[in-house]
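Visitor: Structure in structure tokens, see below.
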Amino acid sequence: MFKPVNIIKYKPLIIALWFGLSLFAVGKSVMLGHDHIHNNYFVYKHNFINVIHQHNLYQHQPEHYFDLNHYGPIFSFIIAPFALMPDSLGVVLWVMVTAFILLIAIQQLPIKKEHYLLIVLLCAHELMTSAANVQINPLIAALILFSYIFIKNENDFWAALMIALGTFIKLYGIVGLAFFFFSNNKIKLVGSFIFWSVVLFVLPMVISSPAFIVQTYKDWYADLVHKNLNNIASIREDVSVMGMLRKIFFPQLSNMLVLFPGILLFALSYIRIKSFNNLNYQLLIVASTLIFAVIFSTGSESPTYIIAFVGVALWYINSERPVTILDISLLIFALILTSLSPSDLFPRYLKDHYVDPYALKALPCFLIWIKIIYETLFRKFDKKDLIAVAV
């Protein structure tokens with residue numbers, strides 16, 4: 001059985017693995033030349049360029065990139081420093097900076113040092129999958145974690161910024177509101193969220209124009225509605241519980257038939273009002289939130305799962321001790337099917353004929369999420385589990 005006290009000795013190796021795998025993934029494409037840099041980077045870059053020049057952010061621009069941009073105009077400020085660099089440098093720094101921000105967020109969680117290192121170790125390969133696709137998702141995961149961390153530290157003003165920023169970039173960040181009940185100053189949190197929402201709505205107008213940005217938000221809404229419809233028919237996307245059920249059993253399954261029960265189960269976790277101040281309970285809610293945001297989204301694809309896998313790792317280090325065979329089995333199942341399935345370490349035949357066509361990457365995370373819901377309802381939180389939390 002894993003002995004967490006020993007992992008501290010390997011901190012330099014674990015941190016090197018965290019950054020090294022991601023650097024390898026993005027560096028390989030840069031070394032092959034400009035044409036091999038992942039398309040996502042050019043989508044990000046032209047979010048900034050199109051805001052500056054007031055071009056529709058959500059139209060095809062095949063001369064610059066294929067696919068479409070699906071991010072809000074505030075993202076232009078985030079990507080601007082990288083977009084102004086040469087592409088080979090900008091793409092590498094983007095991947096490394098987002099990996100660094102997520103690492104800092106994990107480090108700031110109220111858990112012991114050996115446990116944050118275990119989370120980093122468990123998520124390093126999933127981060128590499130995200131890096132190979134030059135994804136924004138490590139940043140989104142970090143913003144969700146920071147939403148909780150700032151609320152936990154009673155910095156509601158900055159927590160509201162994290163929630164609003166994540167929402168205005170990719171909508172996923174709205175799940176940070178799941179930590180609302182952990183706030184000791186809920187009025188300040190709500191007021192700050194409204195304030196930051198106004199600021200983030202207006203801010204892109206500084207480098208563009210008010211009329212263009214207002215129209216851009218209308219275009220963004222239409223784009224997201226259209227994208228949701230397209231996701232349902234996609235093998236690469238809709239790697240969700242709904243997608244899995246559609247692709248295996250019910251091709252015409254409505255999202256709401258799955259999403260509504262999922263929301264009810266998620267909300268059911270909050271009936272333990274007396275446990276709201278318990279750290280173990282809070283960490284379960286954080287893990288549940290990270291997983292829920294991914295497995296119940298039709299926009300989820302394989303690289304999106306860095307968000308969910310941070311939740312998986314957080315759930316595992318927060319498990320009751322001694323860790324049960326069931327918990328260990330669920331973690332191993334997630335490592336193999338969710339984390340390793342996109343890699344060359346996983347049998348190509350199984351990936352091409354089963355995992356991808358049937359969205360099976362979602363299955364282990366869904367089972368773990370159900371286990372988390374069970375724990376939030378029935379686990380005893382009357383005393384601290386000093387093994388799992390910071391003291």
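Letters for chains follow the order of the structure tokens (A, B, ...), residue numbers begin at 1 for each chain, and ligand numbers begin at 1 in the order shown.
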Quick one: residues within 12 Å of A:Gln59, only C-alpha atoms counted, chain neighbours fewer than 4 positions away excluded, as a short mmCIF file (atom, residue, chain, number, x, y, z; two decimals) with C-alpha atoms, in the first residue's frame?
Guide:
```
data_model
loop_
_atom_site.label_atom_id
_atom_site.label_comp_id
_atom_site.auth_asym_id
_atom_site.auth_seq_id
_atom_site.Cartn_x
_atom_site.Cartn_y
_atom_site.Cartn_z
CA VAL A 43 -7.64 29.69 -32.37
CA HIS A 46 -6.81 34.99 -33.22
CA ASN A 47 -9.31 35.51 -30.41
CA ASN A 50 -10.08 39.44 -33.95
CA HIS A 55 -13.76 40.65 -36.73
CA GLU A 63 -6.62 31.07 -43.68
CA HIS A 64 -5.56 31.09 -40.01
CA TYR A 65 -7.03 27.96 -38.41
CA PHE A 66 -9.61 25.24 -38.88
CA ASP A 67 -12.41 24.56 -36.40
CA LEU A 68 -14.01 27.49 -34.57
CA ASN A 69 -13.29 29.70 -31.58
CA HIS A 70 -15.66 29.05 -28.66
CA THR A 216 -19.82 39.45 -29.80
CA ASP A 219 -22.65 35.77 -31.37
CA TRP A 220 -21.05 33.72 -28.59
CA ALA A 222 -25.49 31.50 -30.82
CA ASP A 223 -22.14 29.73 -31.28
#
```
Visitor: If you run DSSP on the backbone, which residues of stretch 80-311 of chain A are helix (DSSP H, G or I), as JSON, numbers by chain?
Guide: {"A": [80, 81, 82, 83, 87, 88, 89, 90, 91, 92, 93, 94, 95, 96, 97, 98, 99, 100, 101, 102, 103, 104, 105, 106, 107, 113, 114, 115, 116, 117, 118, 119, 120, 121, 122, 123, 124, 125, 126, 127, 128, 129, 130, 131, 132, 137, 138, 139, 140, 141, 142, 143, 144, 145, 146, 147, 148, 149, 150, 151, 152, 156, 157, 158, 159, 160, 161, 162, 163, 164, 165, 166, 167, 168, 169, 170, 172, 173, 174, 175, 176, 177, 178, 179, 180, 181, 182, 186, 187, 188, 189, 190, 191, 192, 193, 194, 195, 196, 197, 198, 199, 200, 201, 202, 203, 204, 205, 206, 210, 211, 212, 213, 214, 215, 216, 217, 218, 219, 220, 221, 222, 223, 224, 225, 226, 227, 228, 229, 230, 231, 232, 241, 242, 243, 244, 245, 246, 247, 248, 256, 257, 258, 259, 260, 261, 262, 263, 264, 265, 266, 267, 268, 269, 270, 271, 273, 274, 275, 279, 280, 281, 282, 283, 284, 285, 286, 287, 288, 289, 290, 291, 292, 293, 294, 295, 302, 303, 304, 305, 306, 307, 308, 309, 310, 311]}
Visitor: May I ask which of the residues A:Leu23, A:Ala178, A:Ala359, A:Ala141 is the closest one to A:Thr129, counting only C-alpha atoms?
Guide: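 Of A:Leu23, A:Ala178, A:Ala359, A:Ala141, the one nearest A:Thr129, counting only C-alpha atoms, is A:Leu23.
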Visitor: Restricting the calculation to only C-alpha atoms, which member of A:Ser302, A:Thr376, A:Ser240, A:Ser22 is positioned closest to A:Ile285?
Guide: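 For A:Ile285, the nearest of the given residues is A:Thr376.
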Visitor: Do a neighbour search on A:Asn277 at 10 Å with only C-alpha atoms, toss out local chain neighbours closer than 3 positions, and write the hits as a PDB file with C-alpha atoms, in the first residue's frame.
Guide:
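Written output follows (result.pdb):
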```
ATOM      1  CA  LYS A 152     -11.942  29.067   2.302  1.00  0.00           C
ATOM      2  CA  PHE A 181     -22.402  27.797   0.981  1.00  0.00           C
ATOM      3  CA  PHE A 182     -18.850  27.625   2.348  1.00  0.00           C
ATOM      4  CA  SER A 183     -18.578  31.414   2.378  1.00  0.00           C
ATOM      5  CA  ASN A 184     -18.833  33.292   5.657  1.00  0.00           C
ATOM      6  CA  ILE A 273     -25.766  21.404   6.414  1.00  0.00           C
ATOM      7  CA  LYS A 274     -23.983  20.655   9.679  1.00  0.00           C
ATOM      8  CA  ASN A 280     -13.213  16.672   4.437  1.00  0.00           C
ATOM      9  CA  TYR A 281     -16.774  17.390   3.325  1.00  0.00           C
ATOM     10  CA  GLN A 282     -15.711  20.562   1.527  1.00  0.00           C
ATOM     11  CA  PHE A 381     -17.780  13.952   9.328  1.00  0.00           C
TER      12      PHE A 381
END
```
Visitor: When you count only C-alpha atoms, which of these residues is closest to A:Glu126: A:Pro342, A:Pro62, A:Gly243, A:Pro322?
Guide: A:Pro342
Visitor: Show me, as a list in words, the residues that have an atom within 9 Å of A:Phe82 when counting only C-alpha atoms, minus same-chain residues fewer than 3 positions from it.
Guide: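 Within the cut-off, the hits are Lys45, Ile78, Ile79, Met85, Pro86, Asp87, Leu89, Gly90, Val91, Leu93 and Trp94 of chain A.
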Visitor: Tell me which protein, DNA and RNA residues are within 9 Å of A:Ile49, counting only C-alpha atoms, leaving out same-chain ones fewer than 4 positions away, and put them as number ranges by chain.
Guide: A: 45, 53-55, 76, 80, 83
Visitor: So, counting only C-alpha atoms, which residue among A:Ile149, A:Leu21, A:Ile248, A:Ala16 is closest to A:Leu283?
Guide: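 Of the candidates, the smallest distance to A:Leu283 is held by A:Ile149.
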Visitor: Grab the atom CA of A:Val198 to atom CA of A:Phe146 distance for me, in Å with one decimal place.
Guide: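 Atom CA of A:Phe146 lies 20.2 Å from atom CA of A:Val198.
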